[in-house]
file start08.csv (CSV, C-alpha atoms)
chain,number,residue,atom,x,y,z
A,24,MET,CA,-94.0,111.1,112.0
A,25,ALA,CA,-92.4,110.6,115.3
A,26,SER,CA,-90.1,113.3,116.6
A,27,VAL,CA,-87.5,113.7,119.4
A,28,SER,CA,-87.2,116.8,121.6
A,29,TRP,CA,-85.7,117.7,125.0
A,30,PHE,CA,-88.3,117.7,127.7
A,31,LYS,CA,-86.9,120.1,130.4
A,32,ALA,CA,-89.7,119.4,133.0
A,33,ARG,CA,-88.5,115.8,133.3
A,34,ASN,CA,-84.8,116.3,132.4
A,35,THR,CA,-85.1,113.8,129.6
A,36,TRP,CA,-85.8,113.2,125.9
A,37,ARG,CA,-89.4,112.9,124.7
A,38,ILE,CA,-90.4,110.9,121.7
A,39,SER,CA,-93.8,112.2,120.4
A,40,TYR,CA,-95.7,110.1,118.0
A,41,TYR,CA,-99.3,109.6,116.6
A,42,VAL,CA,-101.4,106.4,116.3
A,43,LYS,CA,-104.5,106.3,114.2
A,44,LEU,CA,-107.5,105.1,116.1
A,45,ASN,CA,-111.0,105.0,114.5
A,46,GLY,CA,-109.7,107.3,111.8
A,47,LYS,CA,-108.3,109.9,114.2
A,48,LEU,CA,-104.7,110.7,115.0
A,49,VAL,CA,-104.0,110.4,118.8
A,50,LEU,CA,-100.8,111.9,120.2
A,51,LYS,CA,-98.7,109.8,122.5
A,52,ALA,CA,-95.2,110.1,124.1
A,53,LYS,CA,-92.4,108.0,125.4
A,54,TYR,CA,-89.3,109.1,127.2
A,55,ALA,CA,-85.6,108.2,127.2
A,56,LYS,CA,-82.7,109.5,129.3
A,57,VAL,CA,-80.1,109.4,126.5
A,58,LYS,CA,-80.6,111.0,123.0
A,59,TRP,CA,-79.1,107.9,121.3
A,60,ASP,CA,-81.8,105.8,123.0
A,61,ALA,CA,-84.5,108.3,122.1
A,62,ASN,CA,-83.5,108.3,118.4
A,63,LEU,CA,-83.4,104.5,118.4
A,64,LEU,CA,-86.9,104.4,120.0
A,65,LYS,CA,-88.2,106.9,117.4
A,66,ARG,CA,-87.1,104.7,114.5
A,67,GLN,CA,-88.8,101.7,116.1
A,68,ILE,CA,-92.0,103.6,116.9
A,69,GLU,CA,-92.3,104.9,113.3
A,70,ARG,CA,-93.2,101.3,112.3
A,71,LEU,CA,-96.2,101.5,114.7
A,72,GLU,CA,-97.2,104.8,113.2
A,73,ASP,CA,-97.1,103.4,109.6
A,74,ALA,CA,-99.0,100.3,110.7
A,75,THR,CA,-101.9,102.2,112.3
A,76,LYS,CA,-102.3,104.4,109.3
A,77,MET,CA,-102.6,101.3,107.1
A,78,GLY,CA,-104.4,99.2,109.7
A,79,ILE,CA,-102.1,96.3,108.9
A,80,ALA,CA,-99.6,94.6,111.2
A,81,THR,CA,-98.7,91.0,112.3
A,82,ASP,CA,-100.1,89.6,115.5
A,83,THR,CA,-96.5,89.3,116.8
A,84,GLU,CA,-95.8,93.0,116.2
A,85,ILE,CA,-99.1,94.1,117.8
A,86,ALA,CA,-98.4,92.0,120.9
A,87,ALA,CA,-94.9,93.4,121.2
A,88,TRP,CA,-96.2,97.0,120.9
A,89,ILE,CA,-98.8,96.4,123.6
A,90,ASP,CA,-96.2,94.9,125.9
A,91,LYS,CA,-93.8,97.9,125.4
A,92,GLY,CA,-96.6,100.3,126.2
A,93,TRP,CA,-96.6,102.0,122.9
A,94,ILE,CA,-100.3,101.2,122.3
A,95,LYS,CA,-103.0,100.0,124.8
A,96,GLN,CA,-104.7,96.6,124.5
A,97,GLU,CA,-108.1,98.3,124.1
A,98,GLU,CA,-106.8,100.6,121.4
A,99,THR,CA,-105.6,97.7,119.1
A,100,GLU,CA,-109.2,96.9,118.0
A,101,GLN,CA,-109.6,100.5,116.9
A,102,ALA,CA,-106.3,100.5,115.0
A,103,PHE,CA,-106.3,96.9,113.7
A,104,SER,CA,-109.8,95.6,112.8
A,105,GLY,CA,-110.3,92.0,114.0
A,106,TYR,CA,-107.1,91.8,116.1
A,107,ALA,CA,-108.9,91.0,119.4
A,108,GLU,CA,-110.8,88.1,117.8
A,109,THR,CA,-107.7,86.5,116.2
A,110,ALA,CA,-105.7,87.0,119.4
A,111,ASN,CA,-108.4,85.2,121.5
A,112,ARG,CA,-108.6,82.4,118.9
A,113,LYS,CA,-104.8,82.1,118.9
A,114,TYR,CA,-104.6,81.5,122.6
A,115,ARG,CA,-107.6,79.3,123.0
A,116,LYS,CA,-105.6,76.1,123.5
A,117,ASP,CA,-104.9,75.0,127.1
A,118,VAL,CA,-101.3,73.9,126.4
A,119,HIS,CA,-98.7,75.6,124.2
A,120,ASP,CA,-95.5,74.1,122.9
A,121,ALA,CA,-92.6,76.2,124.2
A,122,ASP,CA,-89.3,76.4,122.5
A,123,PHE,CA,-87.1,77.5,125.3
A,124,GLU,CA,-84.0,77.8,123.1
A,125,GLN,CA,-85.9,80.1,120.8
A,126,ILE,CA,-86.9,82.2,123.8
A,127,LEU,CA,-83.3,82.4,125.0
A,128,ASN,CA,-82.0,83.3,121.6
A,129,ALA,CA,-84.7,86.0,121.2
A,130,TYR,CA,-83.7,87.4,124.6
A,131,GLU,CA,-80.0,87.5,123.7
A,132,GLN,CA,-80.8,89.5,120.6
A,133,TYR,CA,-82.9,91.8,122.6
A,134,ALA,CA,-80.0,92.3,125.1
A,135,ILE,CA,-77.5,93.0,122.4
A,136,ASP,CA,-79.9,95.5,120.7
A,137,THR,CA,-80.7,97.4,123.9
A,138,SER,CA,-77.2,97.4,125.6
A,139,LYS,CA,-75.4,98.8,122.6
A,140,GLY,CA,-72.2,97.3,124.0
A,141,GLY,CA,-72.2,94.0,122.0
A,142,PRO,CA,-71.9,90.4,123.1
A,143,ASP,CA,-68.2,90.7,124.1
A,144,ARG,CA,-69.0,92.8,127.2
A,145,LYS,CA,-68.8,91.0,130.5
A,146,SER,CA,-72.2,92.5,131.5
A,147,HIS,CA,-73.7,90.7,128.5
A,148,GLN,CA,-72.2,87.4,129.6
A,149,ASN,CA,-73.6,88.0,133.1
A,150,HIS,CA,-77.0,88.7,131.7
A,151,MET,CA,-77.0,85.5,129.7
A,152,SER,CA,-75.9,83.4,132.6
A,153,MET,CA,-78.8,84.6,134.8
A,154,ALA,CA,-81.2,84.2,131.8
A,155,GLY,CA,-80.1,80.6,131.5
A,156,LYS,CA,-80.9,80.0,135.1
A,157,ALA,CA,-84.4,81.6,134.6
A,158,ILE,CA,-84.9,79.3,131.6
A,159,GLU,CA,-84.1,76.2,133.6
A,160,TRP,CA,-86.7,77.2,136.2
A,161,LEU,CA,-89.3,77.8,133.5
A,162,LYS,CA,-88.7,74.3,132.2
A,163,GLU,CA,-89.3,72.8,135.6
A,164,ALA,CA,-92.2,75.1,136.5
A,165,GLY,CA,-94.6,73.6,133.9
A,166,PRO,CA,-96.3,74.7,130.7
A,167,LEU,CA,-95.7,78.4,130.2
A,168,ASN,CA,-99.4,79.2,130.0
A,169,LYS,CA,-99.9,77.6,133.5
A,170,ILE,CA,-97.3,79.8,135.2
A,171,THR,CA,-99.0,82.3,137.5
A,172,PRO,CA,-97.9,85.4,139.4
A,173,GLU,CA,-98.4,83.5,142.6
A,174,LEU,CA,-96.1,80.7,141.4
A,175,ILE,CA,-93.4,83.2,140.5
A,176,THR,CA,-93.8,85.1,143.8
A,177,SER,CA,-93.5,81.8,145.7
A,178,HIS,CA,-90.3,80.9,143.9
A,179,LEU,CA,-88.7,84.4,144.5
A,180,ASN,CA,-89.5,84.1,148.2
A,181,GLN,CA,-87.8,80.7,148.3
A,182,MET,CA,-84.8,82.2,146.5
A,183,LYS,CA,-84.6,85.0,149.2
A,184,ARG,CA,-83.7,82.3,151.8
A,185,GLU,CA,-80.6,81.2,149.8
A,186,TYR,CA,-79.5,84.2,147.7
A,187,SER,CA,-78.8,87.9,148.1
A,188,GLU,CA,-81.5,90.5,147.4
A,189,TRP,CA,-79.7,91.6,144.2
A,190,THR,CA,-79.5,88.0,142.9
A,191,VAL,CA,-83.2,87.6,143.4
A,192,TYR,CA,-83.9,91.0,141.8
A,193,HIS,CA,-81.9,90.2,138.7
A,194,PHE,CA,-83.5,86.8,138.4
A,195,SER,CA,-87.0,88.3,138.5
A,196,THR,CA,-85.9,90.9,135.8
A,197,LYS,CA,-84.6,88.2,133.5
A,198,LEU,CA,-87.7,86.1,134.1
A,199,ARG,CA,-89.9,89.0,133.1
A,200,LEU,CA,-87.9,89.8,129.9
A,201,LEU,CA,-87.8,86.1,128.9
A,202,LEU,CA,-91.6,85.9,129.2
A,203,ASP,CA,-91.8,89.1,127.2
A,204,GLN,CA,-90.0,87.3,124.4
A,205,ALA,CA,-92.3,84.2,124.8
A,206,MET,CA,-95.3,86.5,124.4
A,207,THR,CA,-93.9,88.2,121.3
A,208,LEU,CA,-93.2,84.8,119.8
A,209,GLY,CA,-96.8,83.8,120.4
A,210,MET,CA,-96.2,81.1,123.1
A,211,ILE,CA,-98.3,82.8,125.8
A,212,HIS,CA,-101.1,85.4,125.8
A,213,GLU,CA,-99.9,87.5,128.7
A,214,ASN,CA,-96.8,87.8,130.9
A,215,PRO,CA,-97.5,86.7,134.5
A,216,ALA,CA,-94.1,88.2,135.7
A,217,ARG,CA,-95.4,91.7,134.8
A,218,LYS,CA,-97.9,91.3,137.7
A,219,VAL,CA,-95.1,90.6,140.2
A,220,SER,CA,-93.6,93.7,141.8
A,221,LEU,CA,-90.1,93.5,143.3
A,222,LYS,CA,-88.4,96.6,144.5
A,223,GLN,CA,-84.8,97.3,143.6
A,224,PRO,CA,-82.6,96.6,146.6
A,225,LYS,CA,-80.7,99.4,148.3
A,226,LYS,CA,-77.0,99.4,147.9
A,227,ALA,CA,-75.4,97.3,150.6
A,228,LYS,CA,-72.7,99.7,151.6
A,229,GLU,CA,-71.2,103.0,150.7
A,230,ARG,CA,-68.6,103.5,148.0
A,231,ARG,CA,-65.1,103.0,149.3
A,232,ILE,CA,-63.2,106.2,148.9
A,233,LEU,CA,-59.4,106.2,149.5
A,234,THR,CA,-57.8,108.7,151.8
A,235,GLU,CA,-54.8,110.7,150.5
A,236,VAL,CA,-52.5,108.5,152.5
A,237,GLU,CA,-54.0,105.4,151.0
A,238,VAL,CA,-53.7,106.9,147.5
A,239,GLY,CA,-50.0,107.6,148.1
A,240,LYS,CA,-49.3,104.1,149.4
A,241,ILE,CA,-51.1,102.3,146.5
A,242,LEU,CA,-49.3,104.4,143.9
A,243,GLU,CA,-46.0,103.5,145.6
A,244,VAL,CA,-46.5,99.8,146.3
A,245,SER,CA,-48.1,99.0,143.0
A,246,LEU,CA,-44.7,99.4,141.3
A,247,ASN,CA,-43.6,96.4,143.4
A,248,HIS,CA,-46.2,94.1,141.9
A,249,ARG,CA,-45.3,93.8,138.2
A,250,HIS,CA,-45.4,90.0,138.4
A,251,TYR,CA,-49.1,90.2,137.9
A,252,ILE,CA,-51.0,90.7,134.6
A,253,SER,CA,-47.8,91.3,132.5
A,254,GLY,CA,-46.7,94.1,134.8
A,255,SER,CA,-49.9,96.1,134.4
A,256,VAL,CA,-51.0,96.5,138.1
A,257,PRO,CA,-49.4,100.0,138.3
A,258,THR,CA,-51.1,100.9,135.1
A,259,VAL,CA,-54.5,99.9,136.5
A,260,VAL,CA,-53.9,102.0,139.6
A,261,ARG,CA,-52.9,105.1,137.6
A,262,LEU,CA,-55.7,104.8,135.0
A,263,GLY,CA,-58.1,104.5,137.9
A,264,LEU,CA,-56.8,107.4,140.0
A,265,TYR,CA,-55.8,109.8,137.3
A,266,ALA,CA,-58.5,109.1,134.7
A,267,GLY,CA,-61.3,107.3,136.6
A,268,LEU,CA,-61.5,104.6,134.0
A,269,ARG,CA,-63.7,101.5,134.3
A,270,ASN,CA,-62.1,98.1,134.1
A,271,GLU,CA,-63.3,97.5,130.6
A,272,GLU,CA,-62.2,100.9,129.4
A,273,MET,CA,-58.7,100.2,130.7
A,274,CYS,CA,-58.5,96.8,128.9
A,275,TRP,CA,-59.5,98.3,125.5
A,276,LEU,CA,-57.4,101.4,125.8
A,277,LYS,CA,-54.8,101.6,123.0
A,278,TRP,CA,-51.6,103.5,122.8
A,279,ASN,CA,-52.8,105.5,119.9
A,280,ALA,CA,-55.6,106.9,122.0
A,281,ILE,CA,-53.1,108.9,124.0
A,282,ASP,CA,-52.3,112.5,123.0
A,283,TRP,CA,-48.9,112.7,124.7
A,284,THR,CA,-48.4,116.4,123.9
A,285,ASN,CA,-51.7,117.7,125.2
A,286,ARG,CA,-52.0,115.0,128.0
A,287,ILE,CA,-55.4,113.7,126.8
A,288,ILE,CA,-56.7,110.2,126.8
A,289,SER,CA,-59.6,109.3,124.5
A,290,ILE,CA,-62.1,106.7,125.3
A,291,ARG,CA,-63.4,105.6,121.9
A,292,GLU,CA,-64.1,102.7,119.6
A,293,SER,CA,-61.3,100.1,119.8
A,294,VAL,CA,-60.6,97.1,117.6
A,295,CYS,CA,-58.7,93.9,118.2
A,296,GLU,CA,-57.4,93.3,114.6
A,297,ILE,CA,-56.2,89.7,115.1
A,298,ARG,CA,-59.6,88.5,116.4
A,299,GLY,CA,-61.9,91.0,114.5
A,300,ARG,CA,-63.5,92.1,117.8
A,301,VAL,CA,-64.8,95.6,118.2
A,302,TRP,CA,-65.4,97.4,121.5
A,303,ILE,CA,-67.7,100.4,121.3
A,304,PRO,CA,-68.4,102.6,124.3
A,305,LYS,CA,-71.9,103.9,124.8
A,306,ASP,CA,-72.5,107.4,123.4
A,307,TYR,CA,-72.1,109.2,126.8
A,308,GLU,CA,-69.1,106.9,127.8
A,309,ALA,CA,-67.1,108.0,124.7
A,310,ARG,CA,-65.1,111.0,126.0
A,311,ARG,CA,-61.7,112.8,126.1
A,312,LEU,CA,-59.9,113.1,129.5
A,313,ASP,CA,-57.2,115.5,130.6
A,314,VAL,CA,-54.7,113.8,132.9
A,315,LYS,CA,-51.9,115.0,135.1
A,316,GLU,CA,-48.3,115.0,133.9
A,317,ALA,CA,-47.5,112.2,136.5
A,318,CYS,CA,-49.8,109.9,134.6
A,319,ILE,CA,-48.4,110.7,131.2
A,320,SER,CA,-44.9,110.4,132.5
A,321,TYR,CA,-45.7,106.9,133.9
A,322,LEU,CA,-47.3,105.8,130.6
A,323,LYS,CA,-44.2,106.9,128.6
A,324,ASP,CA,-42.0,104.8,130.9
A,325,GLU,CA,-44.4,101.9,130.7
A,326,PHE,CA,-44.3,102.0,126.9
A,327,SER,CA,-40.5,101.8,127.0
A,328,ARG,CA,-40.7,99.0,129.6
A,329,GLN,CA,-43.0,96.9,127.4
A,330,GLU,CA,-40.8,97.6,124.3
A,331,GLN,CA,-37.7,96.4,126.0
A,332,ALA,CA,-39.4,93.4,127.4
A,333,GLY,CA,-40.7,92.4,124.0
A,334,ILE,CA,-44.4,92.5,125.0
A,335,LEU,CA,-45.4,95.8,123.4
A,336,GLY,CA,-48.6,95.6,121.5
A,337,PRO,CA,-51.4,97.9,120.4
A,338,PHE,CA,-53.1,97.9,123.8
A,339,VAL,CA,-51.8,99.8,126.9
A,340,MET,CA,-52.3,96.6,129.0
A,341,PRO,CA,-51.2,93.7,126.8
A,342,GLY,CA,-53.1,90.4,127.1
A,343,GLY,CA,-51.5,86.9,127.4
A,344,ASN,CA,-48.5,85.8,129.4
A,345,LYS,CA,-45.2,84.0,128.9
A,346,ASP,CA,-47.2,80.8,127.9
A,347,GLN,CA,-49.4,82.8,125.5
A,348,PRO,CA,-47.0,85.3,123.7
A,349,ASP,CA,-49.3,85.3,120.7
A,350,PHE,CA,-52.0,86.9,122.9
A,351,ARG,CA,-49.9,90.1,123.3
A,352,LYS,CA,-51.8,91.9,120.6
A,353,ARG,CA,-55.2,91.1,122.3
A,354,PRO,CA,-56.7,93.2,125.0
A,355,LEU,CA,-56.4,92.1,128.6
A,356,TYR,CA,-59.5,90.2,129.6
A,357,GLN,CA,-61.8,92.5,131.6
A,358,ASP,CA,-61.8,90.7,134.9
A,359,GLN,CA,-58.0,90.6,135.1
A,360,PRO,CA,-57.4,94.1,136.4
A,361,GLN,CA,-59.4,93.3,139.5
A,362,LYS,CA,-57.7,90.0,140.0
A,363,GLY,CA,-54.2,91.4,139.8
A,364,PHE,CA,-55.3,94.4,142.0
A,365,VAL,CA,-56.8,92.1,144.7
A,366,ARG,CA,-53.6,90.1,144.9
A,367,MET,CA,-51.6,93.3,145.5
A,368,ILE,CA,-54.0,94.4,148.2
A,369,GLU,CA,-53.8,91.1,150.0
A,370,LYS,CA,-50.0,91.0,149.8
A,371,GLU,CA,-49.8,94.5,151.2
A,372,LYS,CA,-52.4,93.6,153.9
A,373,MET,CA,-54.5,96.6,153.0
A,374,ASP,CA,-58.3,97.0,153.4
A,375,THR,CA,-59.9,94.3,151.2
A,376,ASP,CA,-62.9,96.6,150.6
A,377,ILE,CA,-60.6,98.5,148.3
A,378,THR,CA,-61.3,97.5,144.7
A,379,VAL,CA,-60.4,98.8,141.2
A,380,TYR,CA,-63.7,100.6,141.2
A,381,SER,CA,-62.6,102.3,144.5
A,382,LEU,CA,-60.0,104.1,142.3
A,383,ARG,CA,-62.7,105.5,140.1
A,384,HIS,CA,-64.8,106.5,143.1
A,385,THR,CA,-61.8,108.2,144.6
A,386,TYR,CA,-61.0,110.1,141.3
A,387,ALA,CA,-64.6,111.5,141.2
A,388,THR,CA,-64.7,112.5,144.9
A,389,MET,CA,-61.3,114.1,144.9
A,390,ALA,CA,-62.1,116.0,141.6
A,391,LEU,CA,-65.2,117.5,143.2
A,392,ARG,CA,-63.3,118.4,146.4
A,393,SER,CA,-60.7,120.1,144.3
A,394,GLY,CA,-63.2,122.4,142.7
A,395,VAL,CA,-64.2,120.5,139.4
A,396,ASP,CA,-67.8,121.4,138.7
A,397,VAL,CA,-70.4,118.6,138.6
A,398,ARG,CA,-71.2,119.0,134.9
A,399,THR,CA,-67.5,118.7,133.9
A,400,LEU,CA,-67.1,115.7,136.1
A,401,GLN,CA,-70.2,114.1,134.6
A,402,ARG,CA,-68.5,114.2,131.2
A,403,ARG,CA,-65.2,112.9,132.5
A,404,MET,CA,-67.0,110.0,134.3
A,405,GLY,CA,-69.1,109.1,131.3
A,406,HIS,CA,-72.4,109.3,133.3
A,407,SER,CA,-75.7,109.6,131.3
A,408,ASP,CA,-77.5,111.0,134.3
A,409,ILE,CA,-76.0,113.9,136.4
A,410,ARG,CA,-77.7,112.4,139.5
A,411,THR,CA,-75.2,109.5,139.4
A,412,THR,CA,-72.3,112.1,139.5
A,413,MET,CA,-73.9,114.0,142.3
A,414,GLU,CA,-73.8,110.9,144.5
A,415,TYR,CA,-70.1,111.6,144.9
A,416,LEU,CA,-70.8,114.9,146.7
A,417,HIS,CA,-69.7,113.8,150.2
A,418,TYR,CA,-69.9,115.8,153.4
A,419,ILE,CA,-66.5,117.1,154.4
A,420,GLU,CA,-65.7,117.2,158.1
A,421,PRO,CA,-65.1,120.7,159.6
A,422,GLU,CA,-61.7,119.6,160.9
A,423,GLN,CA,-60.6,119.5,157.3
A,424,HIS,CA,-61.5,123.2,157.0
A,425,PRO,CA,-63.0,123.1,153.5
A,426,MET,CA,-63.9,126.8,153.7
A,427,ASP,CA,-60.2,127.6,153.5
A,428,ASN,CA,-60.7,127.2,149.8
A,429,LEU,CA,-62.9,130.3,149.5
A,430,PRO,CA,-61.4,132.7,146.9
A,431,TYR,CA,-61.6,135.7,149.3
call {"tool": "encode", "arguments": {"input": "start08.csv", "output": "structure tokens"}}
result
Amino acid sequence: MASVSWFKARNTWRISYYVKLNGKLVLKAKYAKVKWDANLLKRQIERLEDATKMGIATDTEIAAWIDKGWIKQEETEQAFSGYAETANRKYRKDVHDADFEQILNAYEQYAIDTSKGGPDRKSHQNHMSMAGKAIEWLKEAGPLNKITPELITSHLNQMKREYSEWTVYHFSTKLRLLLDQAMTLGMIHENPARKVSLKQPKKAKERRILTEVEVGKILEVSLNHRHYISGSVPTVVRLGLYAGLRNEEMCWLKWNAIDWTNRIISIRESVCEIRGRVWIPKDYEARRLDVKEACISYLKDEFSRQEQAGILGPFVMPGGNKDQPDFRKRPLYQDQPQKGFVRMIEKEKMDTDITVYSLRHTYATMALRSGVDVRTLQRRMGHSDIRTTMEYLHYIEPEQHPMDNLPY
């Protein structure tokens, strides 16, 4: 049966499994960066192992395994007698009826299964929006089995004249995944998008890191902008600078996730009881964070402020407003921290490149400069790959005399 083990040479998890070809067991391997993903992949691959042992599987299953790279096309005839013949017969027609709604629904289920974040995440909504645009193009492009790599390349080149590199890249990714689903559903024999290569664009600009002067100013002026998002702008600033939280993590943070005595904030599963919604962080994003007394002191005052104002709910940043008082027990919608923060930046005439995510970037950079080791910061940031954390290792100018911090 399949097994999971740490593969030091590639700094990743290896899933080892066997497929039975012509009566012989052949060892294969796949890889995953995160153990959770590796265990999930192991469970899925075990179905392939069982199928090759019995020599029985559906055409849809076999096509999906080939596309995922778990078994080669030429190996399927050795594992499943007669598959090649039935596959060729299945796709002999020139025109296939495509159910685009079925393709989109299949992709959405795939996105939910692989993201682990659930359909309530903003990222999922963005994925589905782009997938919808790709579906519209597929409808106009003609019968699915007539779409060629050249046609796809031509459309992507046309998009490059109107859209950013990242938009074109994300569109091509969604197109490939949608056609994967169409292939699994038996609507096409092969995926033409798999033959189109588009490199991931480079990041347009460096992360914006705040200076100590800017940090001090934002901490101070944020207290003057409580007229935005139910008075939570100062909370956004402090959760970003003192804990490095992502927007979504801020919105789903509950008061009961704060250990006041030990000054620890826990990022963990959070539930909105009145709507029945559950937010679950990824395995490596669930973590416990030690924060400075200044942050805890502020949060205590904020708790009292909300209590006196009659807006106190289970979430640190309450949702709703004076026109929606019944929304107070809901989490703040995840794009609201950025909207309120931008209004403050514009009012104060500060650099508009400063975003809520700049607070997280600053937290990471300042932590490293203060002597926090990379492995510890990786856990605090919730990064699955330490290389992401290491991107915060910035060069420090000699005028700042970083060597003054030597212990001798």
call {"tool": "residues_around", "arguments": {"input": "start08.csv", "residues": "A:Tyr415", "least_positions_apart": "3", "cutoff": "9 Å", "atoms": "all atoms listed in the file", "output": "NGL selection string"}}
result
:A and (230 or 384-385 or 387-388 or 391 or 411-412)
call {"tool": "atom_distance", "arguments": {"input": "start08.csv", "atom1": "atom CA of A:Gly92", "atom2": "atom CA of A:Ile158"}}
result
24.6 Å
call {"tool": "residues_around", "arguments": {"input": "start08.csv", "residues": "stretch 331-336 of chain A", "least_positions_apart": "6", "cutoff": "12 Å", "atoms": "all atoms listed in the file", "output": "list of chain:residue names"}}
result
A:Ile252, A:Ser253, A:Gly254, A:Ser255, A:Trp275, A:Leu276, A:Lys277, A:Trp278, A:Asn279, A:Cys295, A:Glu296, A:Ile297, A:Asp324, A:Glu325, A:Gly342, A:Gly343, A:Asn344, A:Lys345, A:Gln347, A:Pro348, A:Asp349, A:Phe350, A:Arg351, A:Lys352, A:Arg353, A:Pro354, A:Leu355
call {"tool": "write_last_selection", "arguments": {"input": "start08.csv", "atoms": "C-alpha atoms", "output": "PDB file, in the coordinates of the input"}}
result
ATOM      1  CA  ILE A 252     -51.000  90.700 134.600  1.00  0.00           C
ATOM      2  CA  SER A 253     -47.800  91.300 132.500  1.00  0.00           C
ATOM      3  CA  GLY A 254     -46.700  94.100 134.800  1.00  0.00           C
ATOM      4  CA  SER A 255     -49.900  96.100 134.400  1.00  0.00           C
ATOM      5  CA  TRP A 275     -59.500  98.300 125.500  1.00  0.00           C
ATOM      6  CA  LEU A 276     -57.400 101.400 125.800  1.00  0.00           C
ATOM      7  CA  LYS A 277     -54.800 101.600 123.000  1.00  0.00           C
ATOM      8  CA  TRP A 278     -51.600 103.500 122.800  1.00  0.00           C
ATOM      9  CA  ASN A 279     -52.800 105.500 119.900  1.00  0.00           C
ATOM     10  CA  CYS A 295     -58.700  93.900 118.200  1.00  0.00           C
ATOM     11  CA  GLU A 296     -57.400  93.300 114.600  1.00  0.00           C
ATOM     12  CA  ILE A 297     -56.200  89.700 115.100  1.00  0.00           C
ATOM     13  CA  ASP A 324     -42.000 104.800 130.900  1.00  0.00           C
ATOM     14  CA  GLU A 325     -44.400 101.900 130.700  1.00  0.00           C
ATOM     15  CA  GLY A 342     -53.100  90.400 127.100  1.00  0.00           C
ATOM     16  CA  GLY A 343     -51.500  86.900 127.400  1.00  0.00           C
ATOM     17  CA  ASN A 344     -48.500  85.800 129.400  1.00  0.00           C
ATOM     18  CA  LYS A 345     -45.200  84.000 128.900  1.00  0.00           C
ATOM     19  CA  GLN A 347     -49.400  82.800 125.500  1.00  0.00           C
ATOM     20  CA  PRO A 348     -47.000  85.300 123.700  1.00  0.00           C
ATOM     21  CA  ASP A 349     -49.300  85.300 120.700  1.00  0.00           C
ATOM     22  CA  PHE A 350     -52.000  86.900 122.900  1.00  0.00           C
ATOM     23  CA  ARG A 351     -49.900  90.100 123.300  1.00  0.00           C
ATOM     24  CA  LYS A 352     -51.800  91.900 120.600  1.00  0.00           C
ATOM     25  CA  ARG A 353     -55.200  91.100 122.300  1.00  0.00           C
ATOM     26  CA  PRO A 354     -56.700  93.200 125.000  1.00  0.00           C
ATOM     27  CA  LEU A 355     -56.400  92.100 128.600  1.00  0.00           C
TER      28      LEU A 355
END
call {"tool": "atom_distance", "arguments": {"input": "start08.csv", "atom1": "atom CA of A:Leu127", "atom2": "atom CA of A:Ala205"}}
result
9.2 Å
call {"tool": "residues_around", "arguments": {"input": "start08.csv", "residues": "A:Asp358", "least_positions_apart": "3", "cutoff": "10 Å", "atoms": "only C-alpha atoms", "output": "ChimeraX atom specification"}}
result
/A:145,270-271,274,355,361-363
call {"tool": "closest_residue", "arguments": {"input": "start08.csv", "among": "A:Ile303, A:Val219, A:His147, A:Lys183", "to": "A:Thr171", "atoms": "all atoms listed in the file"}}
result
A:Val219
call {"tool": "closest_residue", "arguments": {"input": "start08.csv", "among": "A:Leu161, A:Met182, A:Met24, A:Ala102", "to": "A:Lys47", "atoms": "all atoms listed in the file"}}
result
A:Ala102
call {"tool": "atom_distance", "arguments": {"input": "start08.csv", "atom1": "atom CA of A:Ser393", "atom2": "atom CA of A:Met273"}}
result
24.2 Å
call {"tool": "closest_residue", "arguments": {"input": "start08.csv", "among": "A:Ala86, A:Val294, A:Ile94, A:Ile135", "to": "A:Lys51", "atoms": "all atoms listed in the file"}}
result
A:Ile94
call {"tool": "closest_residue", "arguments": {"input": "start08.csv", "among": "A:His424, A:Arg310, A:Lys65, A:Arg383", "to": "A:Leu233", "atoms": "all atoms listed in the file"}}
result
A:Arg383
call {"tool": "residues_around", "arguments": {"input": "start08.csv", "residues": "A:Met389", "least_positions_apart": "6", "cutoff": "12 Å", "atoms": "all atoms listed in the file", "output": "short mmCIF file (atom, residue, chain, number, x, y, z; two decimals) with C-alpha atoms, in the frame of the given file"}}
result
data_model
loop_
_atom_site.label_atom_id
_atom_site.label_comp_id
_atom_site.auth_asym_id
_atom_site.auth_seq_id
_atom_site.Cartn_x
_atom_site.Cartn_y
_atom_site.Cartn_z
CA ILE A 232 -63.20 106.20 148.90
CA LEU A 233 -59.40 106.20 149.50
CA THR A 234 -57.80 108.70 151.80
CA GLU A 235 -54.80 110.70 150.50
CA VAL A 238 -53.70 106.90 147.50
CA LEU A 264 -56.80 107.40 140.00
CA TYR A 265 -55.80 109.80 137.30
CA ALA A 266 -58.50 109.10 134.70
CA GLY A 267 -61.30 107.30 136.60
CA SER A 381 -62.60 102.30 144.50
CA LEU A 382 -60.00 104.10 142.30
CA ARG A 383 -62.70 105.50 140.10
CA VAL A 395 -64.20 120.50 139.40
CA ASP A 396 -67.80 121.40 138.70
CA VAL A 397 -70.40 118.60 138.60
CA LEU A 400 -67.10 115.70 136.10
CA TYR A 415 -70.10 111.60 144.90
CA LEU A 416 -70.80 114.90 146.70
CA HIS A 417 -69.70 113.80 150.20
CA ILE A 419 -66.50 117.10 154.40
#
call {"tool": "closest_residue", "arguments": {"input": "start08.csv", "among": "A:Asn34, A:Ser28, A:Gln204, A:Thr378", "to": "A:Asp408", "atoms": "only C-alpha atoms"}}
result
A:Asn34
call {"tool": "residues_near_point", "arguments": {"input": "start08.csv", "point": "(-83.7, 87.2, 129.5)", "cutoff": "6 Å", "atoms": "only C-alpha atoms", "output": "list in words"}}
result
Tyr130, Ala154, Lys197, Leu200 and Leu201 of chain A
call {"tool": "write_last_selection", "arguments": {"input": "start08.csv", "atoms": "C-alpha atoms", "output": "mmCIF file, in the coordinates of the input"}}
result
data_model
loop_
_atom_site.group_PDB
_atom_site.id
_atom_site.type_symbol
_atom_site.label_atom_id
_atom_site.label_comp_id
_atom_site.auth_asym_id
_atom_site.auth_seq_id
_atom_site.Cartn_x
_atom_site.Cartn_y
_atom_site.Cartn_z
ATOM 1 C CA TYR A 130 -83.700 87.400 124.600
ATOM 2 C CA ALA A 154 -81.200 84.200 131.800
ATOM 3 C CA LYS A 197 -84.600 88.200 133.500
ATOM 4 C CA LEU A 200 -87.900 89.800 129.900
ATOM 5 C CA LEU A 201 -87.800 86.100 128.900
#
